[in-house]
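Peer 1: My structure is below; once you've seen it, I'll send some questions.
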Amino acid sequence: MRPENLFALFSDVTRLKGVGPGAKLALARLFGKNAGQRVLLRDLVFHLPVSVVDRRNSPPLKSAKDGDIVTLAVTVETHQPPERRGGKRPYKVICHTPDGYITLVFFYAHPDYIKSALPVGAQRAISGKVEWYGHAPQITHPDVIAPASDLKKLMTLETVYGLTYGITNRHLSKIIHAGLETLPDLPEWIDTALLQKKSWRSWKSSLLAAHNPVTLSDLLPESSARQRLAYDEILANQLALALIRKKLRRAQSEPIETLNYLREKVAKLLPYKLTEGQQKVLTEIDEDLASNSRMLRLLQGDVGSGKTIVALMAALRVIESGKQAALMVPTEILGKQHLAFLERFAAPAGVRVLLLSGSMKTKEYNAALTAIAEGEIDIAIGTHALFQEKVIFKNLAFAIIDEQHRFGVEQRLALTAKSRDTHILVMTATPIPRTLTMTAFGDMDCSVLAEKPAGRREINTKAIPLSRSGEVLQAVERAVATGNKVYWICPLVEESEDENVPGDLAAVEARYIEFTHRFGKRVGMVHGRMQPLERDNIMLGFTGSEYDILVATTVIEVGVDVPDATIIIIEHAERFGLAQLHQLRGRVGRSDKTSTCILLYTDHCNDIAKERLRIIRNTSDGFLIAEEDMKLRGSGDILGTRQSGLPDFHFVDLARHYELMHTAHNDVKLILHNDAELKSPRGEALKCLLYLFGYDDNIKFLSAG
């Protein structure tokens, strides 16, 4: 049951003045909710300002500098509407001040609105950016037009919030500040010594200060108020993960012994030996399986590091003991690749494998469900549907989650419900900075595979301006003529009409048409808007002999394994993040053939884009690239936005709040090792904290100690 002092924060915003049906829909869009979902006061007050506009400047008109934001008292003198309604000429309103004239300019504005807002002879307070044309100052689309009596009210440091269509900054600001007036006082959950050391104010005072910046520095992640709020959120995250870890670890698991006979059989079938790194990770997994606690382990392996064979060898230990393993993959095409791998190396050793596919016919699908339920399958492969209620395992003991940084804490809890003692191995080829690992996978142990298997060559990475794309196309022709396969990556699916998207930005459909004219039917195309089955068939054609060139978006970023592909061209590479470029580059270099990654970029890219291209050219270390990517972009976009595996933080910038993460991590250790702390007033305050940040399900673990 939610504590009473939190009720106000979980109330609907429609009770606030100014939130009508239109504003409610706009707020739902702003906070990523469906039209039918409630927007809570918590959503509103957690939406911090992103900037400020200083409207305190009210100089004599002649002293105003070009580009200054000014707030002025004016008298409306004349209107100059355009000669023809709907034309491109603006509507102008001439106003005068005590020391001169200023023109207010409106493009595509409704004349009735302008006449109503600025009637001739009226006195008004206006605020906006001054632009000088010769000796004539003007303001285009004033930010504020108000009665002259509001002049002093306007002369403030105005907060600017992130917006969506259907609501203005002034309207949103009024609603937020109305909500702030109803904030409850909450009990203190931060250790007193830390509060004093950091000179932090209470939660409520900090939130109010964050919404009322006095200077630009108050907007920075390092400001006292924002640090306090960030620490609250990090503490909630770390406590929730630690409680889940404690709960899952408490589940007793029968130690899984091994005779190693299956591993020995499979090892003889492999064309290579495991690297030292692979052996080390396998030993860590074996120690988990041999203990009487459930395994929860994250295996991070750079592109092409050989995670799959480690997972197979680990699964063989479980299968030898008469139990089942499951392998969950993000796409069916990746499932088919894993099936082909297991049929080649595991099936000859007597391991029974099956791919549970959504494209199966009903009779075949039901037969597969029966085989899994009766224990006739040793390793079942599938997408997330593999863990739906209708899929019943006879004796599931080992679950491998491949390429699933979207597979979050709640999904891990649901998965363990399939079996009392299911061991879990989560694998990712997206190297994650250590701080992000703590926030997304803090309930898990972590293993790292950094080295590549023997025989893998370094990928030659080049950055070439788009003006030389003709030379690149000639190189593609030569590569295809010698039996190699080529990826060509574009940033868009189709040509965009959005005026904010550069007109020369490459679209995959246009490039596909161009290439089919040049190369004929040997060109395939895949993108995210295709139906999964159609996309998978094209990928199979590229893996086989049907296509030599694949024009694609980043849909091929993860998991696609085509050893014959030796060249990847990434068009408009300056538009991609570092980690994404590294993942795309990893689609080649998957054999002993020499491979090349070509980064095509525009000459006018900004300094950050140039730095990304420099880093990707100079290193192939995915973990170093991930750290650099977070420094350049912040934490929010490393794994993509709104991923369930990574918390959707409101206040935290992990690149700037790194030390707070470690402080909270250590604080949580002390909390969970001190029963007296949990039974004290701070324990009750921590329950409020978990509720506040949406970790409701974890409170029962806190109560259990």
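Chain lettering (A, B, ...) mirrors the order of the structure tokens, residue numbering begins at 1 for each chain separately, and ligand numbering begins at 1 in order of display.
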Within segment 257-477 of chain A, find each residue whose DSSP state, derived from the backbone, is helix (DSSP H, G or I), and express the selection as a short mmCIF file (atom, residue, chain, number, x, y, z; two decimals) with N, CA and C atoms, in the first residue's frame.
Peer 2:
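Once everything was written out, this is out15.cif:
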data_model
loop_
_atom_site.label_atom_id
_atom_site.label_comp_id
_atom_site.auth_asym_id
_atom_site.auth_seq_id
_atom_site.Cartn_x
_atom_site.Cartn_y
_atom_site.Cartn_z
N TYR A 261 31.51 -35.11 -20.70
CA TYR A 261 31.57 -35.93 -21.92
C TYR A 261 30.98 -35.19 -23.12
N LEU A 262 29.93 -34.38 -22.92
CA LEU A 262 29.37 -33.63 -24.05
C LEU A 262 30.33 -32.54 -24.51
N ARG A 263 30.94 -31.86 -23.56
CA ARG A 263 31.91 -30.82 -23.93
C ARG A 263 33.06 -31.39 -24.73
N GLU A 264 33.53 -32.55 -24.32
CA GLU A 264 34.65 -33.17 -25.05
C GLU A 264 34.24 -33.52 -26.48
N LYS A 265 33.01 -34.01 -26.65
CA LYS A 265 32.53 -34.34 -28.00
C LYS A 265 32.45 -33.08 -28.88
N VAL A 266 31.87 -32.01 -28.32
CA VAL A 266 31.70 -30.77 -29.09
C VAL A 266 33.06 -30.13 -29.38
N ALA A 267 33.98 -30.19 -28.41
CA ALA A 267 35.31 -29.59 -28.60
C ALA A 267 36.02 -30.21 -29.80
N LYS A 268 35.81 -31.51 -30.03
CA LYS A 268 36.44 -32.19 -31.16
C LYS A 268 35.85 -31.75 -32.50
N LEU A 269 34.61 -31.27 -32.46
CA LEU A 269 33.96 -30.83 -33.70
C LEU A 269 34.34 -29.40 -34.09
N GLU A 276 41.98 -18.10 -24.02
CA GLU A 276 42.13 -18.01 -22.56
C GLU A 276 40.96 -17.25 -21.94
N GLY A 277 40.54 -16.19 -22.63
CA GLY A 277 39.42 -15.41 -22.13
C GLY A 277 38.14 -16.23 -22.06
N GLN A 278 37.87 -17.02 -23.09
CA GLN A 278 36.69 -17.87 -23.11
C GLN A 278 36.75 -18.92 -22.00
N GLN A 279 37.92 -19.50 -21.80
CA GLN A 279 38.09 -20.50 -20.73
C GLN A 279 37.85 -19.87 -19.37
N LYS A 280 38.34 -18.64 -19.19
CA LYS A 280 38.18 -17.95 -17.90
C LYS A 280 36.70 -17.69 -17.60
N VAL A 281 35.96 -17.21 -18.61
CA VAL A 281 34.54 -16.94 -18.41
C VAL A 281 33.78 -18.23 -18.15
N LEU A 282 34.13 -19.30 -18.87
CA LEU A 282 33.47 -20.60 -18.67
C LEU A 282 33.71 -21.11 -17.25
N THR A 283 34.90 -20.88 -16.73
CA THR A 283 35.20 -21.28 -15.35
C THR A 283 34.32 -20.51 -14.37
N GLU A 284 34.13 -19.20 -14.62
CA GLU A 284 33.27 -18.39 -13.75
C GLU A 284 31.83 -18.91 -13.77
N ILE A 285 31.35 -19.28 -14.96
CA ILE A 285 29.99 -19.81 -15.08
C ILE A 285 29.89 -21.17 -14.38
N ASP A 286 30.91 -22.02 -14.57
CA ASP A 286 30.91 -23.34 -13.93
C ASP A 286 30.84 -23.22 -12.41
N GLU A 287 31.56 -22.25 -11.87
CA GLU A 287 31.54 -22.05 -10.41
C GLU A 287 30.14 -21.65 -9.94
N ASP A 288 29.45 -20.83 -10.74
CA ASP A 288 28.07 -20.46 -10.42
C ASP A 288 27.16 -21.69 -10.44
N LEU A 289 27.30 -22.50 -11.49
CA LEU A 289 26.43 -23.67 -11.64
C LEU A 289 26.68 -24.72 -10.57
N ALA A 290 27.91 -24.76 -10.07
CA ALA A 290 28.26 -25.75 -9.05
C ALA A 290 27.85 -25.32 -7.65
N LYS A 307 31.09 -15.27 -27.87
CA LYS A 307 30.22 -15.52 -26.71
C LYS A 307 29.37 -16.77 -26.89
N THR A 308 28.93 -17.03 -28.13
CA THR A 308 27.98 -18.12 -28.37
C THR A 308 28.56 -19.47 -27.98
N ILE A 309 29.83 -19.72 -28.30
CA ILE A 309 30.41 -21.02 -27.98
C ILE A 309 30.58 -21.18 -26.47
N VAL A 310 30.85 -20.06 -25.77
CA VAL A 310 30.93 -20.11 -24.30
C VAL A 310 29.57 -20.50 -23.73
N ALA A 311 28.51 -19.87 -24.25
CA ALA A 311 27.16 -20.17 -23.77
C ALA A 311 26.80 -21.63 -24.05
N LEU A 312 27.19 -22.14 -25.23
CA LEU A 312 26.91 -23.54 -25.56
C LEU A 312 27.62 -24.48 -24.60
N MET A 313 28.91 -24.23 -24.36
CA MET A 313 29.67 -25.09 -23.45
C MET A 313 29.06 -25.08 -22.05
N ALA A 314 28.57 -23.91 -21.62
CA ALA A 314 27.92 -23.82 -20.31
C ALA A 314 26.62 -24.62 -20.31
N ALA A 315 25.84 -24.52 -21.40
CA ALA A 315 24.57 -25.24 -21.49
C ALA A 315 24.79 -26.75 -21.48
N LEU A 316 25.89 -27.20 -22.06
CA LEU A 316 26.17 -28.64 -22.12
C LEU A 316 26.28 -29.24 -20.73
N ARG A 317 26.84 -28.48 -19.79
CA ARG A 317 26.95 -28.97 -18.41
C ARG A 317 25.55 -29.24 -17.84
N VAL A 318 24.61 -28.33 -18.11
CA VAL A 318 23.25 -28.48 -17.63
C VAL A 318 22.56 -29.68 -18.29
N ILE A 319 22.77 -29.82 -19.60
CA ILE A 319 22.14 -30.91 -20.36
C ILE A 319 22.65 -32.27 -19.90
N GLU A 320 23.94 -32.33 -19.57
CA GLU A 320 24.51 -33.59 -19.06
C GLU A 320 23.81 -34.06 -17.79
N GLU A 332 14.05 -13.50 -35.26
CA GLU A 332 13.98 -14.87 -35.76
C GLU A 332 15.17 -15.21 -36.64
N ILE A 333 15.67 -14.22 -37.40
CA ILE A 333 16.83 -14.48 -38.26
C ILE A 333 18.04 -14.87 -37.42
N LEU A 334 18.21 -14.22 -36.28
CA LEU A 334 19.32 -14.58 -35.39
C LEU A 334 19.08 -15.96 -34.80
N GLY A 335 17.81 -16.29 -34.52
CA GLY A 335 17.47 -17.63 -34.03
C GLY A 335 17.86 -18.70 -35.04
N LYS A 336 17.63 -18.41 -36.33
CA LYS A 336 17.99 -19.38 -37.37
C LYS A 336 19.51 -19.54 -37.46
N GLN A 337 20.24 -18.45 -37.25
CA GLN A 337 21.70 -18.54 -37.27
C GLN A 337 22.21 -19.39 -36.10
N HIS A 338 21.62 -19.19 -34.93
CA HIS A 338 22.00 -20.01 -33.77
C HIS A 338 21.64 -21.48 -34.00
N LEU A 339 20.47 -21.72 -34.60
CA LEU A 339 20.07 -23.10 -34.88
C LEU A 339 21.08 -23.77 -35.81
N ALA A 340 21.49 -23.04 -36.86
CA ALA A 340 22.47 -23.60 -37.80
C ALA A 340 23.79 -23.92 -37.08
N PHE A 341 24.20 -23.04 -36.17
CA PHE A 341 25.44 -23.25 -35.40
C PHE A 341 25.32 -24.49 -34.52
N LEU A 342 24.20 -24.62 -33.81
CA LEU A 342 24.01 -25.75 -32.90
C LEU A 342 23.85 -27.07 -33.66
N GLU A 343 23.17 -27.02 -34.80
CA GLU A 343 23.02 -28.24 -35.60
C GLU A 343 24.37 -28.72 -36.14
N ARG A 344 25.28 -27.76 -36.34
CA ARG A 344 26.61 -28.12 -36.85
C ARG A 344 27.51 -28.69 -35.76
N PHE A 345 27.45 -28.10 -34.55
CA PHE A 345 28.42 -28.48 -33.53
C PHE A 345 27.83 -29.23 -32.32
N ALA A 347 24.38 -30.87 -32.29
CA ALA A 347 23.54 -32.01 -32.67
C ALA A 347 24.34 -33.29 -32.92
N PRO A 348 25.52 -33.21 -33.60
CA PRO A 348 26.30 -34.45 -33.80
C PRO A 348 26.75 -35.10 -32.50
N ALA A 349 26.76 -34.32 -31.41
CA ALA A 349 27.15 -34.88 -30.11
C ALA A 349 25.93 -35.44 -29.36
N THR A 362 0.51 -24.21 -37.40
CA THR A 362 -0.08 -24.53 -36.09
C THR A 362 0.26 -25.93 -35.62
N LYS A 363 0.16 -26.90 -36.51
CA LYS A 363 0.42 -28.30 -36.14
C LYS A 363 1.88 -28.47 -35.72
N GLU A 364 2.78 -27.87 -36.50
CA GLU A 364 4.22 -27.96 -36.21
C GLU A 364 4.55 -27.24 -34.90
N TYR A 365 3.90 -26.10 -34.68
CA TYR A 365 4.14 -25.31 -33.47
C TYR A 365 3.68 -26.08 -32.23
N ASN A 366 2.50 -26.67 -32.30
CA ASN A 366 1.98 -27.44 -31.16
C ASN A 366 2.85 -28.65 -30.87
N ALA A 367 3.38 -29.26 -31.93
CA ALA A 367 4.27 -30.42 -31.74
C ALA A 367 5.55 -29.98 -31.03
N ALA A 368 6.03 -28.79 -31.38
CA ALA A 368 7.24 -28.26 -30.73
C ALA A 368 6.97 -28.00 -29.25
N LEU A 369 5.81 -27.42 -28.93
CA LEU A 369 5.45 -27.17 -27.53
C LEU A 369 5.41 -28.48 -26.75
N THR A 370 4.86 -29.52 -27.36
CA THR A 370 4.78 -30.83 -26.69
C THR A 370 6.17 -31.40 -26.44
N ALA A 371 7.04 -31.28 -27.44
CA ALA A 371 8.41 -31.82 -27.30
C ALA A 371 9.16 -31.11 -26.17
N ILE A 372 8.97 -29.80 -26.05
CA ILE A 372 9.63 -29.04 -24.98
C ILE A 372 9.07 -29.46 -23.62
N ALA A 373 7.74 -29.58 -23.54
CA ALA A 373 7.08 -29.92 -22.28
C ALA A 373 7.44 -31.33 -21.81
N HIS A 384 11.29 -13.58 -27.60
CA HIS A 384 10.71 -13.43 -26.26
C HIS A 384 9.49 -14.31 -26.05
N ALA A 385 8.84 -14.76 -27.14
CA ALA A 385 7.68 -15.64 -27.02
C ALA A 385 8.05 -16.98 -26.37
N LEU A 386 9.33 -17.29 -26.33
CA LEU A 386 9.79 -18.53 -25.73
C LEU A 386 9.41 -18.63 -24.26
N PHE A 387 9.19 -17.47 -23.62
CA PHE A 387 8.89 -17.48 -22.20
C PHE A 387 7.45 -17.09 -21.89
N VAL A 409 14.93 -5.74 -15.64
CA VAL A 409 14.83 -6.40 -14.35
C VAL A 409 13.52 -7.17 -14.20
N GLU A 410 12.39 -6.53 -14.55
CA GLU A 410 11.09 -7.19 -14.37
C GLU A 410 10.98 -8.43 -15.25
N GLN A 411 11.55 -8.36 -16.47
CA GLN A 411 11.53 -9.53 -17.35
C GLN A 411 12.39 -10.65 -16.77
N ARG A 412 13.49 -10.28 -16.13
CA ARG A 412 14.34 -11.32 -15.52
C ARG A 412 13.59 -12.02 -14.39
N LEU A 413 12.82 -11.24 -13.63
CA LEU A 413 12.01 -11.85 -12.56
C LEU A 413 10.97 -12.80 -13.14
N ALA A 414 10.32 -12.38 -14.24
CA ALA A 414 9.30 -13.22 -14.86
C ALA A 414 9.90 -14.51 -15.39
N LEU A 415 11.09 -14.41 -15.95
CA LEU A 415 11.76 -15.57 -16.52
C LEU A 415 12.08 -16.61 -15.45
N THR A 416 12.53 -16.15 -14.30
CA THR A 416 12.89 -17.10 -13.25
C THR A 416 11.68 -17.87 -12.74
N ARG A 434 31.01 0.96 -17.49
CA ARG A 434 30.82 0.32 -16.19
C ARG A 434 29.67 0.94 -15.40
N THR A 435 29.52 2.26 -15.50
CA THR A 435 28.45 2.92 -14.75
C THR A 435 27.09 2.46 -15.25
N LEU A 436 26.93 2.31 -16.56
CA LEU A 436 25.65 1.84 -17.10
C LEU A 436 25.41 0.39 -16.71
N THR A 437 26.48 -0.40 -16.66
CA THR A 437 26.34 -1.79 -16.23
C THR A 437 25.75 -1.84 -14.83
N MET A 438 26.19 -0.93 -13.97
CA MET A 438 25.70 -0.91 -12.59
C MET A 438 24.22 -0.55 -12.55
N THR A 439 23.76 0.34 -13.42
CA THR A 439 22.37 0.77 -13.37
C THR A 439 21.43 -0.21 -14.05
N ALA A 440 21.85 -0.83 -15.14
CA ALA A 440 20.97 -1.73 -15.88
C ALA A 440 21.10 -3.17 -15.42
N PHE A 441 22.28 -3.57 -14.95
CA PHE A 441 22.52 -4.97 -14.60
C PHE A 441 23.17 -5.10 -13.22
N LEU A 466 31.91 12.34 -48.73
CA LEU A 466 30.86 11.90 -49.66
C LEU A 466 31.15 12.31 -51.10
N SER A 467 31.93 13.36 -51.25
CA SER A 467 32.26 13.82 -52.61
C SER A 467 33.05 12.77 -53.39
N ARG A 468 33.63 11.78 -52.69
CA ARG A 468 34.40 10.72 -53.35
C ARG A 468 33.63 9.41 -53.40
N SER A 469 32.30 9.47 -53.26
CA SER A 469 31.50 8.24 -53.24
C SER A 469 31.58 7.48 -54.57
N GLY A 470 31.87 8.19 -55.66
CA GLY A 470 32.04 7.50 -56.95
C GLY A 470 33.18 6.50 -56.91
N GLU A 471 34.30 6.87 -56.27
CA GLU A 471 35.43 5.95 -56.11
C GLU A 471 35.04 4.74 -55.26
N VAL A 472 34.22 5.00 -54.24
CA VAL A 472 33.78 3.91 -53.36
C VAL A 472 32.92 2.92 -54.14
N LEU A 473 32.04 3.43 -55.00
CA LEU A 473 31.20 2.54 -55.81
C LEU A 473 32.05 1.67 -56.74
N GLN A 474 33.11 2.22 -57.28
CA GLN A 474 34.01 1.43 -58.12
C GLN A 474 34.67 0.31 -57.32
N ALA A 475 35.02 0.62 -56.06
CA ALA A 475 35.60 -0.40 -55.19
C ALA A 475 34.59 -1.50 -54.89
N VAL A 476 33.32 -1.11 -54.75
CA VAL A 476 32.26 -2.10 -54.53
C VAL A 476 32.16 -3.04 -55.73
N GLU A 477 32.20 -2.47 -56.93
CA GLU A 477 32.15 -3.29 -58.15
C GLU A 477 33.28 -4.31 -58.18
#
Peer 1: Enumerate as a VMD selection string all residues of segment 317-548 of chain A assigned to strand (DSSP E) by DSSP on the backbone, naming them with the chain letters and numbers the document uses.
Peer 2: chain A and resid 324 to 328 353 to 356 379 to 382 396 to 402 423 to 428 445 to 449 459 to 465 485 to 489 523 to 526
Peer 1: How many Å separate atom CA of Ile176 of chain A from atom CA of Gly162 of chain A?
Peer 2: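 A separation of 12.2 Å between them.
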Peer 1: Name the residues in contact with Glu222 of chain A at a cut-off of 8 Å, using only C-alpha atoms, excluding same-chain residues fewer than 5 positions from it; report them as a list in words.
Peer 2: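 Selected residues are Gln227, Arg656 and His657 of chain A.
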Peer 1: Would you list the contacts of Arg617 of chain A as a list in words, taking every protein, DNA or RNA residue within 7 Å and counting only C-alpha atoms, but skipping same-chain residues closer than 2 positions in sequence?
Peer 2: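 Non-adjacent residues within range: Thr461, Lys462, Leu613, Arg614, Ile615 and Thr619 of chain A.
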Peer 1: Quick check, in Å to one decimal: how far apart do atom CA of Ile489 of chain A and atom CA of Ala552 of chain A lie?
Peer 2: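 So the two atoms, atom CA of Ile489 of chain A and atom CA of Ala552 of chain A, lie 5.0 Å apart.
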Peer 1: Quote the spacing between atom CA of Asp66 of chain A and atom CA of His211 of chain A in Å to one decimal place.
Peer 2: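 Going from atom CA of Asp66 of chain A over to atom CA of His211 of chain A covers 29.2 Å.
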Peer 1: So that I can see what lies close to segment 515-530 of chain A, please list as a list in words the residues with an atom at most 9 Å from it, counting only C-alpha atoms and leaving out residues fewer than 3 positions away in the same chain.
Peer 2: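 Here the answer would be Glu477, Leu492, Val493, Val508, Glu509, Ala510, Arg511, Tyr512, Leu533, Glu534, Arg535, Asp536, Ile538, Met539, Gly541, Phe542, Glu546, Tyr547, Asp548, Ile549, Leu550, Val551, Ala552, Thr553, Thr554, Val555 and Ile556 of chain A.
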Peer 1: Taking only C-alpha atoms into account, which of A:Pro255, A:Pro491, A:Gly382, A:Gly589 comes nearest Arg457 of chain A?
Peer 2: A:Gly589
Peer 1: Do you know which residues are at most 12 Å from Lys610 of chain A counting only C-alpha atoms, after dropping those on the same chain fewer than 2 positions away, and could you put them as a PyMOL selection string?
Peer 2: chain A and resi 463-465+572-578+599-608+612-617+632
